[in-house]
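See structure below.
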Amino acid sequence: MSRPGPERTATGLAGLDCDPGETLLSVRDLRTYYESGDLIGGQPVKAVDGVSFDVKKGETLGIVGESGCGKTTLGRTLVRLEAATGGEVRVGDDDVTQLSGEDLQAWRRNAQVVFQDPESSLNDRMTVGEIVREPLDVHDWGTPAERRARVRSLLEKVGLQEEHYYRYPHQFSGGQRQRVGIARALALEPEFVVLDEPVSALDVSVQAQILNLLMDLQEELGLTYLFIAHDLSVVEHICDRVAVMYLGNVMELGPTEELFEDPANPYTRALLSAVPEPDPTAEIDRMTLRGTPPSPRDPPQGCPFSTRCPVKIRPEGFEDVDDETWEAIEVFRETLRARSRAERSLSEQAREFLGFETRFATVDEVVEELFADRELPGSIREPVDRATDLARDGDEAPALDHLREELGSVCDHEPPAAHGVDATARESRCHRHDDEYEEPAAVGPSVGDAE
Amino acid sequence: MSRWSYFARRVLLMIPIVFFGTTITFVILRMGPIDPAAAVIGASGDTEAYTSVRRSLGLDQPLWLQYVDYLRDLFTLQFGYSWVVNRGRPVWELIGVYAPRTIWLGFWSVMLPLFVGLPLGFYAGLNPNTLSDYVASFGGIVWRAMPNFWLAVIFVAVLTQSEQLFGFQWESWLVETNIVTPPELQRLWVPENFFGAFKAILPAALVLGSASMGNEMRIGRTAVLETKNENYVETARAKGVPGRKIVYKHVFRNALIPLVPIITGEAFLLLGGSVLVETVFSINGLGYLFYAATINADLPLVGSLMFFFILLSVGINIVQDLLYTLIDPRVGYGGEGA
Amino acid sequence: MVADSSRSDAGTAAEPADDRLLEVENLQTVFHTERETIRAVDGISFGIAEGETLGLVGESGSGKSVTARSIMGLVDSPGELLPDSSIRFDGRELTGLSETQYESVRGGGVAMVFQDPLSTLNPVYTVGNQIEEALSLHRGLSGLEATEKAIELLEDVGIPDAARRVSEYPHEFSGGMRQRAVIAMALACDPDLLICDEPTTALDVTIQAQILELLADLQEEHGLSILFITHDMGVIAEVCDRVAVMYAGEVVEQAPVVELFENPRHPYTRGLLRSIPSTQRGADRLETIEGEVPTPNAPATDCRFAPRCPEAFDACREVHPEPVPVATETADADADHTAACLLYPEDETREQAVDRHAIEDAPPGAGAVDSGGESR
Amino acid sequence: MSVVDDEDATLRERLADEPVPALRVLAVVAVLVAVEFGALANLVMSLPWDAVGAALPGFLQGAAATIAGVGDGLAGLPTLLSRSVIDNAGYQLPSGEWVGTFMGLSPAAAWLLRVALIYAYGFVWLLVGWWSYLVYRDNYRHADWAPVDDMVGRFRNHSWGLFGLAIIFAFVVLAVFAPALGPTTVDANIADPYLHSIEYYSEETGGVEEIYVGDANGESQSRGQGGENVGPMQYDQYDRFHPFGTLPSGKDLFTFMAAGARVSLFIGVASLVLAGGAAVVFALATAYYKGLVDLGIVIASDSIQALPQLLVIMLASFVLSGTWLANLYNGGVVLALLFGLTGWPGLWRAVRGPALQVSEREWIDAAKSFGQRPSVTMRKHMLPYVVGYLLIYASLTLGGVIIGVAGLSFLGLGINAPTPEWGRAVSAGQPYVATPSWHISLLPGILIVIVVTGFNALGDGIRDAIDPQSDVETGQQDQTAAAGGGA
């Protein structure tokens, strides 16, 4: 490159200069918690809860997951928009979460973000030229004339025209604004770019333009992308490797092709099977998940996915209980969980205190409905009755504890470790990868591109 | 965070506010050259009396100790005695005498706008850009722009001359009342007394509530306009709810939410305005008492009254939060659905 | 603004079926702003048969949602339906109805599910209260009876612990549960036609799958007709029987779902399908449609897609295409497949085709192809 | 490429490139300044420099004195629109001929002419301001379109806002040109009436006599019923014209009002600069840092707001009444300080919402992500959005301050006694409201209503101009702002 590039300062971050294919960024047990606004006590929101992965130079690592899974927080933590609660992010010998002063500035120059919302990511009282130039000004890049020249070349590079320099964001469409956002992110020639849902606010036809542009730029500039998205088809198209997140954890991580063809983790499988195919003739064997993800304030004790997992391991001695009964137990637990989170109004608390009936006293109806026409073996009937008694008094938490103790399996008690699942360094967190259990794929419907 | 822990948090926040508010009062009282003791003994200039007054007021102590004493007395609700305005009477007793008139005045100057301004505003919001909307809106703005003291002066003049101007005498109309005297607040449960007291306070309450009336009208109008465009109103229409019911059920209740702080905020604003209105109408209320204490340099009385006002303001704030928690189920709800 | 009033009377609706539950003809909804008049929906026609699901697909600004609101009679000033528009529901013309007359149609005949379930529910009333409101309006239920029915409806839409949930406020529900509650509210009205305006766009895929499954079940159970509006081709492929593709206020192509996906004829539909990454597995670059969606602020005298169309020729800028039947490829013999493009009908020469579009487009009495175009 | 290079030019270079339009603007401005240069110098000299001078260290005092001398000299320069050029003071001979007035016009006509000319002059300034904006936009700005163009465009079409602007313009001209607008001066008529004298034609003696203004005032009182009344647009028996009539003391009400406008405007603007500055700084800081900073300022502002504003100002201005501070600008400085110190919480609350909203925008994150300094981020990315909202509330609050100041002076507090203040006129006229001397109370009140309405309208106009969508969100804050603490 002939342009006057910013000299990398001698102050470190030597790790950025690694060769393509080597590990650029190494994330280990990263945690980011948000304190709740409550002055007195209160659980923090565990947005990212112990995440480990590597990012290799020149690759595109996709992070997918549903809203609230912590993928955006993860991206923001990597570029130091959020402070990490624990763990580390290594670049060579430096820990990004601990950087300060000049080192931090060096990281800020080399790690950039493209934001999701093109409406909100550009200051609409500044001209496009000023917006793209601002990072250059902050880092004292070249002379003012050189900066202006660089901005013009950047605009051209992202598919805009030079004369757009003095236009305001209002005069652009969503796709063009996103191009401006990309130009701004590239101004300082960063090594690493976090793309936070860069196309999800755009229409399909425009989305394709931006995806093509991103891929061209990566090729030309040797960029490393962290691509955050909820749209699996986009991730499949653009990413080299994919990490699937659920409730602050990476459930599965591996090369895109293998992961999409033969997903190993039950959550990945459910997620993939939920995506509607743009092909009306496709026959899908869909796994529809029950309920919604639990609150990240109060994640399950064992596997994060255990509350919704369709292939959850049964505890010993209950393998022969029929599926519907077992499902009813899971629904019962889900109901109690929802109740324990529901808020009681003052009048309800008073009624409860005085022993009157409240909407929470309907637990018997729930039990009735779930278990009425079922033969329950004593080993199930007993804990259910006990839990019902506890819940009737408004104590859902002990009821839940009791059910977990009596009817919970390894999924309810221990967080699963990462297991290698095929030859390609793919990892998946699920107890079923243990030798003693059947693989998830063996017990659920078939999912994946390989049909 | 539940609604009630939100509410508890708000109440907790009131403590430092009372503390700082009281401190500010102390600073104001002490930053000027006014010597409370000198004001107490007046022009006689007797050194001995002066020293003894100083001592009994605690002025011979170091300033920080005075501050601590001042805080301790107020926070234990020992308001002390008036020294100049009504020498030797306990402040509590004065409040007991003066406060009812102010409360009576304040009550009606909150109620009148509520029952006049709000309906007018809602009406204008339901019929935007019609002639009646313009008249109501413009009227509201001008009505709000009128200074209370001036409006009071005009009211007094017009009412005293009502015979010449309108052909009937206000003072003897329906019930015999005076225009510029405090209302009689004895035995209000007797309808006649009640009505008399109401009529006596009506002009003053109208004046004091004028700004609120204009405000509530304007904000009521915009709140209705805004609520009308909410998605849930469209949903209600989409499920076939008749127009009238949409207005009553889905628009009004939601439009009331932004009005809660307006109404309570105004209730507090009335305290300041009461000085002028009470002066013009010669209603010996708290505002008037405060004014008299100020210009007579009765600083102990001023300090205690100010503390009383701070408590009132904090109380109104708590009422506001309570109203909020009652009217809006979302208050304090930061969490996620289950 | 004069030229187009009778334009689509001639063309469109290849099959004027009277047995259809909803028949929209030449619907034109415009919004007046200070500067211009936006023709958000510009002369579209389609119909929905009983028990059928019609998908309305298009990018943002294509007029999908305005179409839904027009059918529900929810278009308020500064928007209006132009005089020649016609919406017939169950044989009854809706366009001229007064607000009071419309109230019996809304909910009772046609119910609607909106995109954002949170803002759709009134935050200060419990979910049960809002369902009971619909129940009392359309089924005359009240009191305990209504509450029981509301609980039943919540159970029907798959909300667990409904007896407790019925007395909770919308903010206490999660996104997916809220949308279920909104659907329950729509069902409370006992409608024949359900309009779903992007009902799953605000939801996650796993929740979307739940809701789509629920809608399919309910359709079967209640024999509902559904107008399903979305921008997601995947969802369309999954839920719809027939599809109408909208672009800049017009329906550019209409066909049964399999036919449309396998044999897209309009260049826009083709481009749209090809720009979805999952249709191009393995391709390095995605095909794109260059340019941006225009805002329709004047009656069309050309093809609105022409500036972005890879197959555009000179006439595209002068003649406004009308929907014409095109050859089908699927086995479905009576598949009525129309496309509004000068390339069709393909069995005619290009000149013939252009002439045909020009004649159909021209208002009676005015011979010129571009009438009305020069006036602005 | 040359085009592109041109676009890189700085504003100064662009001016040098194409100087004609800018020079034209400059020439007009120069002419406008020249004709009123004396008045300008006078205005500068009328500021409370003595206090500043006294505060200066000794060796500077000499220099200050020299400058003061020069300033006084400049202040003496003749100006076009002054009383001495178009004089309305004179007397009428029995023949009906006017002596001493401008071109022998009647005092009413001379006064009206002067008022018209002054307003025309002010209007020209307004036009020049608009013109220079256009010149800048068309000749020197790179961008063909900027968001501010839309705002200006919306405001231009906002008749209610324009109505407000017109009123505020009239009010500001009244305040700025107060000495030239009044039919007489504060010094001569109100402050030191016995140090000045006038000539009049006496029918008794049949000749021109001289009399102290104070004595003449004694004969031109407005005291309602008893026949003593000089109403609006009337002459008194010394041939003095009183556009608004006279006060009970016989002093000219219009002169009083014009001078009072100046005091009100000064207090309003000064207190708002103080309060607005604090409000913006705090709002930016709380929105950017949130958390404890926010909590601290919430508590501080709530504590101040827990005290009834008007009562606190009343108390504090009384407590301070004996100090040097209270004598600055006849007590105006103290009031401005007090209104500023007690007023910032209201303004802060009003702009905190918009500031928080802006701080949630992704461009703030973008700025953080490439390492922009917090102070620059606040200034560049947040301030432009907050300032608009500040203008709205400043406009509303200004009306409130005017009412508040008037309310205090109605009670006899605040502005020191002989200095004109609107509230004092209302107070003076209180006994005469229902008499022929109704004008004393009524006219100042009506003036206040008009000015406050004008500020409200201007605020509405600005709101709709900067934020055409939202109407309600901001509505909440209006109330305390416009109510002047309940006065």
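By convention here, the chains of the structure tokens are called A, B, ... in the order presented, each chain's residues are numbered starting at 1, and ligands are numbered starting at 1 in the order presented.
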
Discussion item. Only residues of chain D matter here; which ones have an atom within 12 Å of chain A, counting only C-alpha atoms? Give them as a ChimeraX atom specification.
Written reply: /D:1,3-10,141-151,290-292,295,357-374,376-377,380-385,466

Worksheet item: region 271-275 of chain C: which residues within 8 Å, counting only C-alpha atoms, same-chain residues fewer than 4 positions away excluded, as number ranges by chain?
Response: A: 204-205, 207-208; C: 233, 261, 267, 279-280, 286-289

Using the selection just defined, write its residues with N, CA, C and O atoms as an mmCIF file, in the first residue's frame.
```cif
data_model
loop_
_atom_site.group_PDB
_atom_site.id
_atom_site.type_symbol
_atom_site.label_atom_id
_atom_site.label_comp_id
_atom_site.auth_asym_id
_atom_site.auth_seq_id
_atom_site.Cartn_x
_atom_site.Cartn_y
_atom_site.Cartn_z
ATOM 1 N N VAL A 204 -33.485 -7.049 1.693
ATOM 2 C CA VAL A 204 -32.668 -8.130 1.122
ATOM 3 C C VAL A 204 -31.796 -7.685 -0.035
ATOM 4 O O VAL A 204 -30.617 -8.042 -0.102
ATOM 5 N N SER A 205 -32.378 -6.924 -0.963
ATOM 6 C CA SER A 205 -31.593 -6.599 -2.153
ATOM 7 C C SER A 205 -30.404 -5.719 -1.782
ATOM 8 O O SER A 205 -29.314 -5.854 -2.339
ATOM 9 N N GLN A 207 -29.063 -5.626 1.265
ATOM 10 C CA GLN A 207 -28.248 -6.469 2.123
ATOM 11 C C GLN A 207 -27.192 -7.204 1.309
ATOM 12 O O GLN A 207 -26.025 -7.278 1.690
ATOM 13 N N ALA A 208 -27.598 -7.702 0.157
ATOM 14 C CA ALA A 208 -26.656 -8.444 -0.681
ATOM 15 C C ALA A 208 -25.514 -7.523 -1.146
ATOM 16 O O ALA A 208 -24.349 -7.933 -1.169
ATOM 17 N N MET C 233 -38.769 -14.066 2.474
ATOM 18 C CA MET C 233 -39.138 -15.064 1.480
ATOM 19 C C MET C 233 -39.239 -16.459 2.102
ATOM 20 O O MET C 233 -40.034 -17.282 1.663
ATOM 21 N N PHE C 261 -41.745 -19.558 -6.715
ATOM 22 C CA PHE C 261 -40.360 -19.808 -6.324
ATOM 23 C C PHE C 261 -39.604 -20.562 -7.410
ATOM 24 O O PHE C 261 -38.412 -20.398 -7.589
ATOM 25 N N PRO C 267 -38.471 -9.645 -13.444
ATOM 26 C CA PRO C 267 -37.052 -9.482 -13.088
ATOM 27 C C PRO C 267 -36.853 -9.117 -11.621
ATOM 28 O O PRO C 267 -35.873 -9.517 -11.002
ATOM 29 N N THR C 279 -30.243 -19.016 -0.937
ATOM 30 C CA THR C 279 -30.569 -19.609 -2.234
ATOM 31 C C THR C 279 -29.318 -19.781 -3.076
ATOM 32 O O THR C 279 -29.353 -20.352 -4.141
ATOM 33 N N GLN C 280 -28.220 -19.255 -2.588
ATOM 34 C CA GLN C 280 -27.004 -19.299 -3.387
ATOM 35 C C GLN C 280 -25.874 -19.935 -2.619
ATOM 36 O O GLN C 280 -24.794 -19.368 -2.508
ATOM 37 N N LEU C 286 -22.946 -12.631 -3.948
ATOM 38 C CA LEU C 286 -24.392 -12.665 -4.061
ATOM 39 C C LEU C 286 -24.793 -11.833 -5.255
ATOM 40 O O LEU C 286 -24.167 -10.826 -5.566
ATOM 41 N N GLU C 287 -25.872 -12.254 -5.919
ATOM 42 C CA GLU C 287 -26.418 -11.369 -6.944
ATOM 43 C C GLU C 287 -27.178 -10.265 -6.243
ATOM 44 O O GLU C 287 -27.791 -10.469 -5.211
ATOM 45 N N THR C 288 -27.125 -9.091 -6.809
ATOM 46 C CA THR C 288 -27.782 -7.973 -6.140
ATOM 47 C C THR C 288 -28.686 -7.254 -7.112
ATOM 48 O O THR C 288 -28.585 -7.435 -8.325
ATOM 49 N N ILE C 289 -29.571 -6.454 -6.547
ATOM 50 C CA ILE C 289 -30.326 -5.498 -7.352
ATOM 51 C C ILE C 289 -29.702 -4.152 -7.039
ATOM 52 O O ILE C 289 -29.740 -3.709 -5.885
#
```

Discussion item. Need the shell around region 271-279 of chain B: protein/DNA/RNA residues with any atom at most 9 Å away, counting only C-alpha atoms. Skip same-chain ones fewer than 3 positions apart. Format as a PyMOL selection string?
Written reply: (chain B and resi 102+105-106+148-149+152-153+182+204-205+207-208+267-268+282-291+309) or (chain D and resi 308-312+407-408+410-411+484-487)

Considering only C-alpha atoms, give me a table of residues in chain C that are at most 9 Å from chain B, with the closest atom pair and distance in Å for each, as a Markdown table.
```
| residue | atom | partner | partner_atom | distance |
| --- | --- | --- | --- | --- |
| C:Met72 | CA | B:Ala238 | CA | 6.6 |
| C:Gly73 | CA | B:Ala238 | CA | 8.4 |
| C:Leu74 | CA | B:Glu234 | CA | 7.4 |
| C:Glu99 | CA | B:Gly243 | CA | 8.2 |
| C:Thr100 | CA | B:Pro242 | CA | 7.1 |
| C:Tyr102 | CA | B:Gly240 | CA | 7.7 |
| C:Glu103 | CA | B:Gly240 | CA | 4.5 |
| C:Ser104 | CA | B:Gly240 | CA | 6.2 |
| C:Val105 | CA | B:Gly240 | CA | 7.3 |
| C:Arg106 | CA | B:Gly240 | CA | 4.7 |
| C:Gly107 | CA | B:Lys239 | CA | 4.0 |
| C:Gly108 | CA | B:Gly240 | CA | 7.3 |
| C:Val110 | CA | B:Ala238 | CA | 8.2 |
| C:Ala111 | CA | B:Lys239 | CA | 6.2 |
| C:Met112 | CA | B:Ala238 | CA | 6.4 |
| C:Val113 | CA | B:Thr235 | CA | 8.2 |
| C:Phe114 | CA | B:Thr235 | CA | 7.9 |
| C:Asp116 | CA | B:Asn231 | CA | 8.6 |
| C:Leu118 | CA | B:Tyr232 | CA | 8.8 |
| C:Ser119 | CA | B:Asn231 | CA | 5.5 |
| C:Thr120 | CA | B:Tyr232 | CA | 4.3 |
| C:Leu121 | CA | B:Tyr232 | CA | 5.1 |
| C:Asn122 | CA | B:Tyr232 | CA | 5.3 |
| C:Pro123 | CA | B:Arg330 | CA | 7.3 |
| C:Val124 | CA | B:Asp328 | CA | 5.9 |
| C:Tyr125 | CA | B:Pro329 | CA | 8.3 |
| C:Gln130 | CA | B:Ala236 | CA | 8.7 |
| C:Glu133 | CA | B:Val241 | CA | 8.0 |
| C:Ala134 | CA | B:Lys239 | CA | 6.5 |
| C:Leu137 | CA | B:Val241 | CA | 7.1 |
| C:His138 | CA | B:Gly240 | CA | 8.4 |
| C:Tyr169 | CA | B:Pro329 | CA | 7.2 |
| C:Pro170 | CA | B:Gly337 | CA | 8.6 |
| C:His171 | CA | B:Gly337 | CA | 6.4 |
| C:Glu172 | CA | B:Gly337 | CA | 4.6 |
| C:Phe173 | CA | B:Gly337 | CA | 4.3 |
| C:Ser174 | CA | B:Gly337 | CA | 4.0 |
| C:Gly175 | CA | B:Gly337 | CA | 7.4 |
| C:Met177 | CA | B:Ala338 | CA | 8.4 |
| C:Met185 | CA | B:Lys239 | CA | 8.2 |
| C:Ala186 | CA | B:Lys239 | CA | 6.9 |
| C:Cys189 | CA | B:Lys239 | CA | 6.8 |
```

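Distances here use only C-alpha atoms; by that measure, the residue among D:Tyr238, D:Tyr289, D:Phe455, D:Phe282 closest to Val213 (chain D) is D:Tyr238.
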
For chain B against chain D, with a cut-off of 6 Å and counting only C-alpha atoms, what is the closest atom pair and its distance in Å to one decimal for every residue that makes the cut, ordered by chain and number, as JSON lines?
```
{"residue": "B:Ile17", "atom": "CA", "partner": "D:Ser303", "partner_atom": "CA", "distance": 4.6}
{"residue": "B:Phe20", "atom": "CA", "partner": "D:Ser303", "partner_atom": "CA", "distance": 5.7}
{"residue": "B:Gly21", "atom": "CA", "partner": "D:Ser303", "partner_atom": "CA", "distance": 4.7}
{"residue": "B:Gly32", "atom": "CA", "partner": "D:Leu320", "partner_atom": "CA", "distance": 5.0}
{"residue": "B:Ala145", "atom": "CA", "partner": "D:Val449", "partner_atom": "CA", "distance": 5.2}
{"residue": "B:Met146", "atom": "CA", "partner": "D:Val449", "partner_atom": "CA", "distance": 5.1}
{"residue": "B:Pro147", "atom": "CA", "partner": "D:Ile403", "partner_atom": "CA", "distance": 5.9}
{"residue": "B:Asn148", "atom": "CA", "partner": "D:Ala487", "partner_atom": "CA", "distance": 5.5}
{"residue": "B:Ala157", "atom": "CA", "partner": "D:Ala434", "partner_atom": "CA", "distance": 5.7}
{"residue": "B:Thr222", "atom": "CA", "partner": "D:Val472", "partner_atom": "CA", "distance": 5.5}
{"residue": "B:Leu269", "atom": "CA", "partner": "D:Gly486", "partner_atom": "CA", "distance": 5.6}
{"residue": "B:Gly272", "atom": "CA", "partner": "D:Leu310", "partner_atom": "CA", "distance": 5.2}
{"residue": "B:Gly273", "atom": "CA", "partner": "D:Gly486", "partner_atom": "CA", "distance": 4.0}
{"residue": "B:Ile310", "atom": "CA", "partner": "D:Ala306", "partner_atom": "CA", "distance": 5.3}
{"residue": "B:Ser313", "atom": "CA", "partner": "D:Ala306", "partner_atom": "CA", "distance": 5.5}
```

Counting only C-alpha atoms, which residues of chain A sit at most 7 Å from some atom of chain C, and what is each one's closest atom pair with its distance in Å to one decimal, listed by chain and rising residue number, as a tab-separated table?
```
residue	atom	partner	partner_atom	distance
A:Glu66	CA	C:Asp204	CA	5.7
A:Ser67	CA	C:Asp204	CA	6.7
A:Asp203	CA	C:Glu59	CA	5.8
A:Val204	CA	C:Ser275	CA	6.3
A:Ser205	CA	C:Ile289	CA	5.5
A:Ala208	CA	C:Thr288	CA	5.6
A:Gln209	CA	C:Thr288	CA	5.8
A:Asn212	CA	C:Arg285	CA	5.9
A:Ser233	CA	C:Ser278	CA	5.1
A:Val234	CA	C:Pro277	CA	5.8
A:His237	CA	C:Pro277	CA	6.0
A:Leu271	CA	C:Thr206	CA	6.2
A:Ala274	CA	C:Thr206	CA	5.4
A:Val275	CA	C:Val205	CA	6.1
A:Pro276	CA	C:Gly234	CA	4.7
A:Glu277	CA	C:Gly234	CA	4.6
A:Pro278	CA	C:Gly234	CA	3.7
A:Asp279	CA	C:Ala237	CA	5.5
A:Pro280	CA	C:Ala237	CA	4.4
A:Thr281	CA	C:Val258	CA	6.9
A:Thr288	CA	C:Gln210	CA	6.2
A:Leu289	CA	C:Thr206	CA	6.6
A:Thr335	CA	C:Asp161	CA	6.4
A:Arg359	CA	C:Arg164	CA	5.2
A:Phe360	CA	C:Arg164	CA	6.5
A:Val366	CA	C:Asp161	CA	6.4
```
